[in-house]
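Structure first, commentary second.
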Amino acid sequence: MKSLNRIYTMLLCLLVASGCTKEFTEKTPLGSATSGNYWQTEADAIAAANAMYYYMKDEDMFSRGFFWYINASDDMVTGRTNAKADAAVHFNLSGDESYYSWMYPQCYKVIRRANDVLVHVPKIQIEQKLKNRILGEAYFMRGFHYFWLSHTYGDNGDNGGVPIVTEENMYSTNFSRPQSVIDNYKQIVSDLEKAVEFLPLFTSYESRDLGRAHKDAALAYIAKTYLYWAQYDNSKWSEVVKYCDKVTNSGSERAVLNTGHPDQDYQAVFKASENYGSEYIWSVVSGVDAGSKLPGVMLENKGWGDYNGWGYYQPSLELYNSFEIGDHRKEVTILEYGREFQWLGTTKRYASQNSRTGFQFNKYMSPFGFEGAVGTTVNPNGNSPTTKLNVPILRYSEVVLMRAEALLMKGENADSDINKVRVRAGLTPVVNAGLDELKHERRVELAGEFANRHFDLVRWKDADRVYNQPLHGRSYNDRTDPNSSFTIVEVRPARPEYNPLIHHVWVIPNDDVAISGIKQNIGW
């Protein structure tokens, strides 16, 4: 949180967007800048806006990064023996582990970049529409990163929130934690409201600007901020409904993708052709050169000898069994033994010599299916296994389910919203659904995504019960044979070490505690 190089590495990309057909996230760093000649031109302002997106593609943010925390949930297990990964699974982090040391400071780097934009761009003489968009991007990116910081590390108890750094106090050397994470939520809502005011709908963007912050994303994250805030204040459930409705009625034609073909529709959501479809709210813009590595991180370790899959985050048997009979989301979400799938232009039947559970996540596999995929739809560098599929962080179906949860918590009927995702999946509509049905739908609809199953369990106060149960998988007698028989085995023991009074938040990296002088979260 100290001064972070106002002319950042990303801002060495002094190039003008006009006339360029590539997305803004693919700019090549060029040129040089100094504090004396920067913040002068339209190109400076655009480069500053682009720089705020740099860490979206960072491996330690939305590739693995925050997913290490989601990996503590009951939906998955760590696919490979890895003590650093399992330190979070068993809630015994020291604060020094490298896997968990980057998300906190990277978020503050983006916040600092946003603050600089808010200080300097208003003084640059550029066309007002462009200036508004850039300011809106800054408010959104600041709010979005505070959203992840706040619920990950802050609470409404003795720990308090996370330090609030804005353009007003960013040069200070004295920061403290606010009394409550609610102070963070107020700041997030304020930032995102300003983003709504300044940002256009994403449907107005030209192709080169798709993936920038937009009005619907800001509205949706206001709704999700209130969803998390509501665990401390029941009056916020009404705000969840209000802002979900604003997303739906924004004019960008949001809808759960449903053409009446349940065997195709949910699967279509996870194809690159739907990167900016009706369910797109906010994603990591990805391609064969850069993006979220999550598709390769979840891929079979060593990719059956064809590609460098990393073999992490494997579905648990408990997740597999949570799907109802006839739910088409099951086959889209999970690969199981004997299941046919497309792999580099051939039809393959799933078997794994590496999976601890006998399963693999399937949602992000579409780009690997094509003949000649490597170098075309998949990064040729297996050490950076990105694909042309944008990895979703928040989809419109989650907006629908947030609204359903809020209605139920207000004592109102939520069947219409819940049934939007059920019918799309080929299931019978529910009648008079309760919170248990909502929790079920949220789990099976959003499994393996950044929707954050772990924090859902924490905020519902279900984590203590769930984590005190072991997780299971299938152990196949012949791992190379898709038709092999199997036995059920325990793959993750019960975790009585989870303490809901301590582990509802994560340890702040020790280096950042030392640099800033703030207090560490209690019990870590």
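Within each chain, counting starts at residue 1; across the structure tokens, chains are named A, B, ... in the order shown, with ligands numbered 1 upward in that order.
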
Tell me which protein, DNA and RNA residues are within 9 Å of Gln469 (chain A), counting only C-alpha atoms, leaving out same-chain ones fewer than 4 positions away, and put them as a ChimeraX atom specification. /A:74,465,492-496

Which of region 172-320 of chain A fall in alpha helix (DSSP H), as an MDAnalysis selection string: chainID A and resid 181:198 215:229 236:248 262:269 294:297 317:320

Within 9 Å of Asn381 (chain A), counting only C-alpha atoms, which residues qualify if same-chain residues fewer than 2 places away don't, as a list of chain:residue names?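 Selected residues are A:Val288, A:Asp289, A:Tyr307, A:Asn308, A:Val374, A:Gly375, A:Val378, A:Asn379, A:Asn383, A:Ser384, A:Pro385, A:Thr386.
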
Would you mind exporting the chosen residues as a PDB file, in the first residue's frame, restricted to all heavy atoms?
ATOM      1  N   VAL A 288      -5.132 -17.119 -26.850  1.00  0.00           N
ATOM      2  CA  VAL A 288      -4.031 -18.068 -26.956  1.00  0.00           C
ATOM      3  C   VAL A 288      -2.722 -17.486 -26.447  1.00  0.00           C
ATOM      4  O   VAL A 288      -1.754 -18.225 -26.234  1.00  0.00           O
ATOM      5  CB  VAL A 288      -3.853 -18.553 -28.410  1.00  0.00           C
ATOM      6  CG1 VAL A 288      -5.075 -19.320 -28.878  1.00  0.00           C
ATOM      7  CG2 VAL A 288      -3.564 -17.391 -29.346  1.00  0.00           C
ATOM      8  N   ASP A 289      -2.672 -16.162 -26.243  1.00  0.00           N
ATOM      9  CA  ASP A 289      -1.447 -15.525 -25.772  1.00  0.00           C
ATOM     10  C   ASP A 289      -1.470 -15.174 -24.296  1.00  0.00           C
ATOM     11  O   ASP A 289      -0.417 -15.095 -23.655  1.00  0.00           O
ATOM     12  CB  ASP A 289      -1.167 -14.248 -26.582  1.00  0.00           C
ATOM     13  CG  ASP A 289      -0.966 -14.543 -28.061  1.00  0.00           C
ATOM     14  OD1 ASP A 289      -0.293 -15.537 -28.371  1.00  0.00           O
ATOM     15  OD2 ASP A 289      -1.495 -13.794 -28.895  1.00  0.00           O
ATOM     16  N   TYR A 307      -0.550 -32.448 -23.864  1.00  0.00           N
ATOM     17  CA  TYR A 307      -0.503 -31.029 -23.507  1.00  0.00           C
ATOM     18  C   TYR A 307      -0.219 -30.928 -22.017  1.00  0.00           C
ATOM     19  O   TYR A 307      -0.591 -31.808 -21.240  1.00  0.00           O
ATOM     20  CB  TYR A 307      -1.829 -30.339 -23.855  1.00  0.00           C
ATOM     21  CG  TYR A 307      -1.797 -28.834 -23.711  1.00  0.00           C
ATOM     22  CD1 TYR A 307      -1.253 -28.039 -24.715  1.00  0.00           C
ATOM     23  CD2 TYR A 307      -2.297 -28.211 -22.571  1.00  0.00           C
ATOM     24  CE1 TYR A 307      -1.209 -26.657 -24.595  1.00  0.00           C
ATOM     25  CE2 TYR A 307      -2.258 -26.831 -22.442  1.00  0.00           C
ATOM     26  CZ  TYR A 307      -1.705 -26.061 -23.456  1.00  0.00           C
ATOM     27  OH  TYR A 307      -1.664 -24.691 -23.323  1.00  0.00           O
ATOM     28  N   ASN A 308       0.393 -29.840 -21.605  1.00  0.00           N
ATOM     29  CA  ASN A 308       0.825 -29.703 -20.216  1.00  0.00           C
ATOM     30  C   ASN A 308      -0.305 -29.236 -19.306  1.00  0.00           C
ATOM     31  O   ASN A 308      -0.303 -28.119 -18.799  1.00  0.00           O
ATOM     32  CB  ASN A 308       2.004 -28.721 -20.127  1.00  0.00           C
ATOM     33  CG  ASN A 308       2.574 -28.653 -18.715  1.00  0.00           C
ATOM     34  OD1 ASN A 308       2.539 -29.629 -17.986  1.00  0.00           O
ATOM     35  ND2 ASN A 308       3.107 -27.499 -18.349  1.00  0.00           N
ATOM     36  N   VAL A 374      -3.999 -26.431 -30.397  1.00  0.00           N
ATOM     37  CA  VAL A 374      -2.812 -25.843 -29.792  1.00  0.00           C
ATOM     38  C   VAL A 374      -2.222 -24.810 -30.749  1.00  0.00           C
ATOM     39  O   VAL A 374      -1.837 -25.119 -31.870  1.00  0.00           O
ATOM     40  CB  VAL A 374      -1.769 -26.921 -29.453  1.00  0.00           C
ATOM     41  CG1 VAL A 374      -0.516 -26.284 -28.863  1.00  0.00           C
ATOM     42  CG2 VAL A 374      -2.363 -27.936 -28.473  1.00  0.00           C
ATOM     43  N   GLY A 375      -2.205 -23.570 -30.304  1.00  0.00           N
ATOM     44  CA  GLY A 375      -1.757 -22.463 -31.129  1.00  0.00           C
ATOM     45  C   GLY A 375      -2.887 -21.745 -31.832  1.00  0.00           C
ATOM     46  O   GLY A 375      -2.690 -20.657 -32.385  1.00  0.00           O
ATOM     47  N   VAL A 378      -5.891 -22.692 -28.124  1.00  0.00           N
ATOM     48  CA  VAL A 378      -5.205 -22.989 -26.870  1.00  0.00           C
ATOM     49  C   VAL A 378      -3.772 -22.474 -26.966  1.00  0.00           C
ATOM     50  O   VAL A 378      -3.130 -22.588 -28.017  1.00  0.00           O
ATOM     51  CB  VAL A 378      -5.197 -24.510 -26.602  1.00  0.00           C
ATOM     52  CG1 VAL A 378      -4.370 -24.847 -25.372  1.00  0.00           C
ATOM     53  CG2 VAL A 378      -6.625 -25.034 -26.436  1.00  0.00           C
ATOM     54  N   ASN A 379      -3.293 -21.916 -25.876  1.00  0.00           N
ATOM     55  CA  ASN A 379      -1.928 -21.396 -25.836  1.00  0.00           C
ATOM     56  C   ASN A 379      -0.927 -22.517 -26.143  1.00  0.00           C
ATOM     57  O   ASN A 379      -0.968 -23.568 -25.506  1.00  0.00           O
ATOM     58  CB  ASN A 379      -1.644 -20.816 -24.446  1.00  0.00           C
ATOM     59  CG  ASN A 379      -0.426 -19.908 -24.404  1.00  0.00           C
ATOM     60  OD1 ASN A 379       0.578 -20.184 -25.041  1.00  0.00           O
ATOM     61  ND2 ASN A 379      -0.527 -18.843 -23.636  1.00  0.00           N
ATOM     62  N   ASN A 383       3.048 -24.056 -20.172  1.00  0.00           N
ATOM     63  CA  ASN A 383       3.312 -23.413 -18.888  1.00  0.00           C
ATOM     64  C   ASN A 383       2.437 -22.189 -18.674  1.00  0.00           C
ATOM     65  O   ASN A 383       2.460 -21.580 -17.605  1.00  0.00           O
ATOM     66  CB  ASN A 383       4.783 -23.018 -18.792  1.00  0.00           C
ATOM     67  CG  ASN A 383       5.696 -24.221 -18.714  1.00  0.00           C
ATOM     68  OD1 ASN A 383       5.368 -25.213 -18.065  1.00  0.00           O
ATOM     69  ND2 ASN A 383       6.835 -24.157 -19.393  1.00  0.00           N
ATOM     70  N   SER A 384       1.686 -21.839 -19.699  1.00  0.00           N
ATOM     71  CA  SER A 384       0.741 -20.725 -19.620  1.00  0.00           C
ATOM     72  C   SER A 384      -0.552 -21.138 -20.326  1.00  0.00           C
ATOM     73  O   SER A 384      -0.903 -20.599 -21.372  1.00  0.00           O
ATOM     74  CB  SER A 384       1.333 -19.472 -20.274  1.00  0.00           C
ATOM     75  OG  SER A 384       0.468 -18.364 -20.139  1.00  0.00           O
ATOM     76  N   PRO A 385      -1.265 -22.121 -19.775  1.00  0.00           N
ATOM     77  CA  PRO A 385      -2.331 -22.799 -20.506  1.00  0.00           C
ATOM     78  C   PRO A 385      -3.643 -22.011 -20.597  1.00  0.00           C
ATOM     79  O   PRO A 385      -4.684 -22.408 -20.066  1.00  0.00           O
ATOM     80  CB  PRO A 385      -2.508 -24.099 -19.719  1.00  0.00           C
ATOM     81  CG  PRO A 385      -2.164 -23.712 -18.315  1.00  0.00           C
ATOM     82  CD  PRO A 385      -1.052 -22.706 -18.430  1.00  0.00           C
ATOM     83  N   THR A 386      -3.594 -20.888 -21.301  1.00  0.00           N
ATOM     84  CA  THR A 386      -4.786 -20.084 -21.524  1.00  0.00           C
ATOM     85  C   THR A 386      -5.488 -20.559 -22.796  1.00  0.00           C
ATOM     86  O   THR A 386      -4.912 -21.269 -23.616  1.00  0.00           O
ATOM     87  CB  THR A 386      -4.426 -18.604 -21.655  1.00  0.00           C
ATOM     88  OG1 THR A 386      -3.607 -18.412 -22.829  1.00  0.00           O
ATOM     89  CG2 THR A 386      -3.646 -18.120 -20.438  1.00  0.00           C
TER      90      THR A 386
END

Residue with smallest distance to Ala425 (chain A) - pool A:Asp478, A:Glu97, A:Asp263, A:Asp464, counting only C-alpha atoms: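 For Ala425 (chain A), the nearest of the candidates is A:Asp263.
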
Option closest in space to Val110 (chain A), from A:Ala463, A:Leu408, A:Ile281, A:Val165 [counting only C-alpha atoms]: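 Between A:Ala463, A:Leu408, A:Ile281, A:Val165, the residue approaching Val110 (chain A) most closely is A:Val165.
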
Distance query Ala217 (chain A) at most 10 Å, only C-alpha atoms, self and fewer than 6 positions along chain excluded, as a VMD selection string: chain A and resid 140 144 192 195 to 196 199 201 to 202 223 247 280 to 283 394 to 396
